[in-house]
Every structure is written in structure tokens, then in C-alpha cells.
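Encoded as C-alpha cells, the structure appears first; notes follow it.
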Amino acid sequence: MISKIENIIKSFGVVCIALLFLLMTVQVVLRYGFSYTHFFTEELGRYLLVWSTLAGMAIETRRNGHIRVTFLADRLPPTVKMVWQIFLDVVILVLFLLLVYTGFESTIFNHGQQSSGMQLPLSIPFAAIPIFFAIAAIFTLEKLWHSRKSN
């Protein structure tokens with residue numbers, strides 16, 4: 001189940017990046033080739049960049065690919081190091097859950113406002129925050145579950 005979620009998020013991120021590349025290419029060609037820029041290209045590009053970045057953050061949370069400073073942890077005895085890593089994962093989980101909560105509140109708050117170019121509710125780009133941090137929290141819970149089972 002978790003692997004299926006990871007594959008869906010990965011595919012979504014790839015589609016966002018591909019659309020962003022296509023959109024920016026078209027924008028450059030139109031701007032410099034025809035002196036014309038469509039009103040939605042920059043705004044949609046920003047939204048695609050944010051959504052793809054947060055999708056990548058969720059994937060890297062599962063892969064444990066996010067940045068960590070390990071020079072101190074590498075010097076700890078194995079048991080203490082394991083406890084330290086679990087403690088850090090719990091702190092990260094709390095942070096993710098806090099971001100889900102505040103992201104949800106922000107999404108609801110911004111639903112009544114519209115974007116300047118596309119006239120979309122601002123809740124659409126803001127929704128990336130609770131969605132992808134919730135997925136990252138699920139991946140962190142999975143990691144904590146596996147670390148519990150390996151002990």
C-alpha cells in the first residue's frame with residue numbers, strides 16, 4: 001500500500017516537472033519569438049513548481065534522502081545512535097503533523113481569495129501543504145514502525 005502511494009506521488013511529481021518544462025519552453029518561445037506572453041503561464045509554473053517540490057519532499061522522506069547532519073550521530077554507540085534517530089524521527093513527525101494542521105487552516109482561510117492571473121481559488125496551490133506533509137507523516141510513521149519491528 002505504501003509503495004503504491006509512493007509510486008503515485010512519484011508519477012505526479014514527474015508529470016508536474018514535465019508540464020513545468022513544457023510550459024516554460026512555450027513561454028520563452030512566445031515571449032522572445034512573438035513578443036506575447038499568455039496570462040497564466042507564470043502563475044501555473046509557480047504552482048507546478050511548488051507541487052512538484054513538495055511531492056519530492058514526501059518521496060525523499062520515505063527514502064530517508066533528506067539532509068541530515070550526522071557527524072555527531074556517527075560517533076555515538078549503535079544503541080544510542082538508534083535511539084537518537086528514533087527521537088529525531090518523532091520530532092520530524094510532530095513537525096509534519098503541525099504543518100498538516102496549519103496548512104489545512106491556511107488552505108481553508110485562502111479559499112475565498114482568487115489568484116491574480118488564472119482566477120483560481122488560492123486554496124488550490126495551498127492544498128499542497130497539508131496533502132504532501134500528511135503523506136510525509138505517513139512515510140515517517142512507516143519508518144518508525146519498521147524501526148520498532150527491527151529491535
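Chain labels follow the order of the C-alpha cells: the first chain is A, the next B, and so on; residue numbering restarts at 1 in every chain, and ligands are counted from 1 in their shown order.
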
Handout entry: Spatial neighbours of stretch 5-15 of chain A, max dist 8 Å, only C-alpha atoms, sep filter under 4 positions, as number ranges by chain
Key = A: 1, 19, 51-53, 55-56, 59

Would you save the residues of that selection, restricted to C-alpha atoms, as a PDB file, in the first residue's frame?
```
ATOM      1  CA  MET A   1       0.000   0.000   0.000  1.00  0.00           C
ATOM      2  CA  LEU A  19       4.389  20.178 -17.565  1.00  0.00           C
ATOM      3  CA  TRP A  51       3.521  20.921  -6.027  1.00  0.00           C
ATOM      4  CA  SER A  52       6.435  19.013  -7.586  1.00  0.00           C
ATOM      5  CA  THR A  53       8.838  20.181  -4.868  1.00  0.00           C
ATOM      6  CA  ALA A  55       5.899  15.763  -3.834  1.00  0.00           C
ATOM      7  CA  GLY A  56       9.668  15.257  -3.985  1.00  0.00           C
ATOM      8  CA  ILE A  59       9.263  10.827  -1.585  1.00  0.00           C
TER       9      ILE A  59
END
```

Handout entry: DSSP alpha helix (DSSP H) selection over chain A, as a PyMOL selection string
Key = chain A and resi 2-34+41-63+78-109+123-126+128-149

Exercise for the section: Quick one: everything within 10 Å of A:Ile131, counting only C-alpha atoms, minus sequence neighbours fewer than 5 positions away in the same chain. Send it as a list of chain:residue names. Expected result: A:Trp51, A:Leu54, A:Ala55, A:Ala58, A:Leu99, A:Val100, A:Gly103, A:Phe104, A:Phe126, A:Ala136, A:Ala137

Could you please take those selected residues and save N, CA and C atoms as a PDB file, in the first residue's frame?
```pdb
ATOM      1  N   TRP A  51       4.093  22.257  -6.184  1.00  0.00           N
ATOM      2  CA  TRP A  51       3.521  20.921  -6.027  1.00  0.00           C
ATOM      3  C   TRP A  51       4.579  19.838  -6.281  1.00  0.00           C
ATOM      4  N   LEU A  54       7.085  19.735  -3.250  1.00  0.00           N
ATOM      5  CA  LEU A  54       6.529  19.089  -2.068  1.00  0.00           C
ATOM      6  C   LEU A  54       6.306  17.590  -2.297  1.00  0.00           C
ATOM      7  N   ALA A  55       5.996  17.198  -3.522  1.00  0.00           N
ATOM      8  CA  ALA A  55       5.899  15.763  -3.834  1.00  0.00           C
ATOM      9  C   ALA A  55       7.271  15.107  -3.675  1.00  0.00           C
ATOM     10  N   ALA A  58       8.093  14.573  -0.013  1.00  0.00           N
ATOM     11  CA  ALA A  58       7.429  13.399   0.555  1.00  0.00           C
ATOM     12  C   ALA A  58       8.151  12.119   0.150  1.00  0.00           C
ATOM     13  N   LEU A  99       2.502  20.946  10.456  1.00  0.00           N
ATOM     14  CA  LEU A  99       2.373  21.559   9.134  1.00  0.00           C
ATOM     15  C   LEU A  99       1.096  21.115   8.422  1.00  0.00           C
ATOM     16  N   VAL A 100       0.656  19.890   8.658  1.00  0.00           N
ATOM     17  CA  VAL A 100      -0.622  19.447   8.094  1.00  0.00           C
ATOM     18  C   VAL A 100      -1.751  20.293   8.679  1.00  0.00           C
ATOM     19  N   GLY A 103      -1.340  23.951   7.580  1.00  0.00           N
ATOM     20  CA  GLY A 103      -1.571  24.009   6.134  1.00  0.00           C
ATOM     21  C   GLY A 103      -3.042  23.868   5.790  1.00  0.00           C
ATOM     22  N   PHE A 104      -3.737  23.005   6.529  1.00  0.00           N
ATOM     23  CA  PHE A 104      -5.175  22.856   6.315  1.00  0.00           C
ATOM     24  C   PHE A 104      -5.906  24.145   6.671  1.00  0.00           C
ATOM     25  N   PHE A 126      -2.421  26.200  -2.123  1.00  0.00           N
ATOM     26  CA  PHE A 126      -2.154  25.996  -0.694  1.00  0.00           C
ATOM     27  C   PHE A 126      -2.434  24.564  -0.254  1.00  0.00           C
ATOM     28  N   ALA A 136       4.073  12.692   3.888  1.00  0.00           N
ATOM     29  CA  ALA A 136       5.390  12.573   4.526  1.00  0.00           C
ATOM     30  C   ALA A 136       5.241  12.042   5.949  1.00  0.00           C
ATOM     31  N   ALA A 137       4.182  12.439   6.650  1.00  0.00           N
ATOM     32  CA  ALA A 137       3.942  11.926   8.006  1.00  0.00           C
ATOM     33  C   ALA A 137       3.645  10.432   7.963  1.00  0.00           C
TER      34      ALA A 137
END
```

Problem - Counting only C-alpha atoms, the option among A:Ile17, A:Leu22, A:Leu44, A:Val83 closest to A:Ile124 - result: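 Going through A:Ile17, A:Leu22, A:Leu44, A:Val83 one by one, the smallest distance to A:Ile124 is for A:Leu44.
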
Exercise for the section: Name the residues in contact with A:Ala73 at a cut-off of 9 Å, using only C-alpha atoms, excluding same-chain residues fewer than 6 positions from it; report them as a list in words. Expected result: Val80, Lys81, Trp84 and Gln85 of chain A

Practice task
Tell me which protein, DNA and RNA residues are within 10 Å of A:Gln114, counting only C-alpha atoms, leaving out same-chain ones fewer than 5 positions away, and put them as JSON, numbers by chain.
Solution key: {"A": [119, 120, 121, 122, 123, 124]}
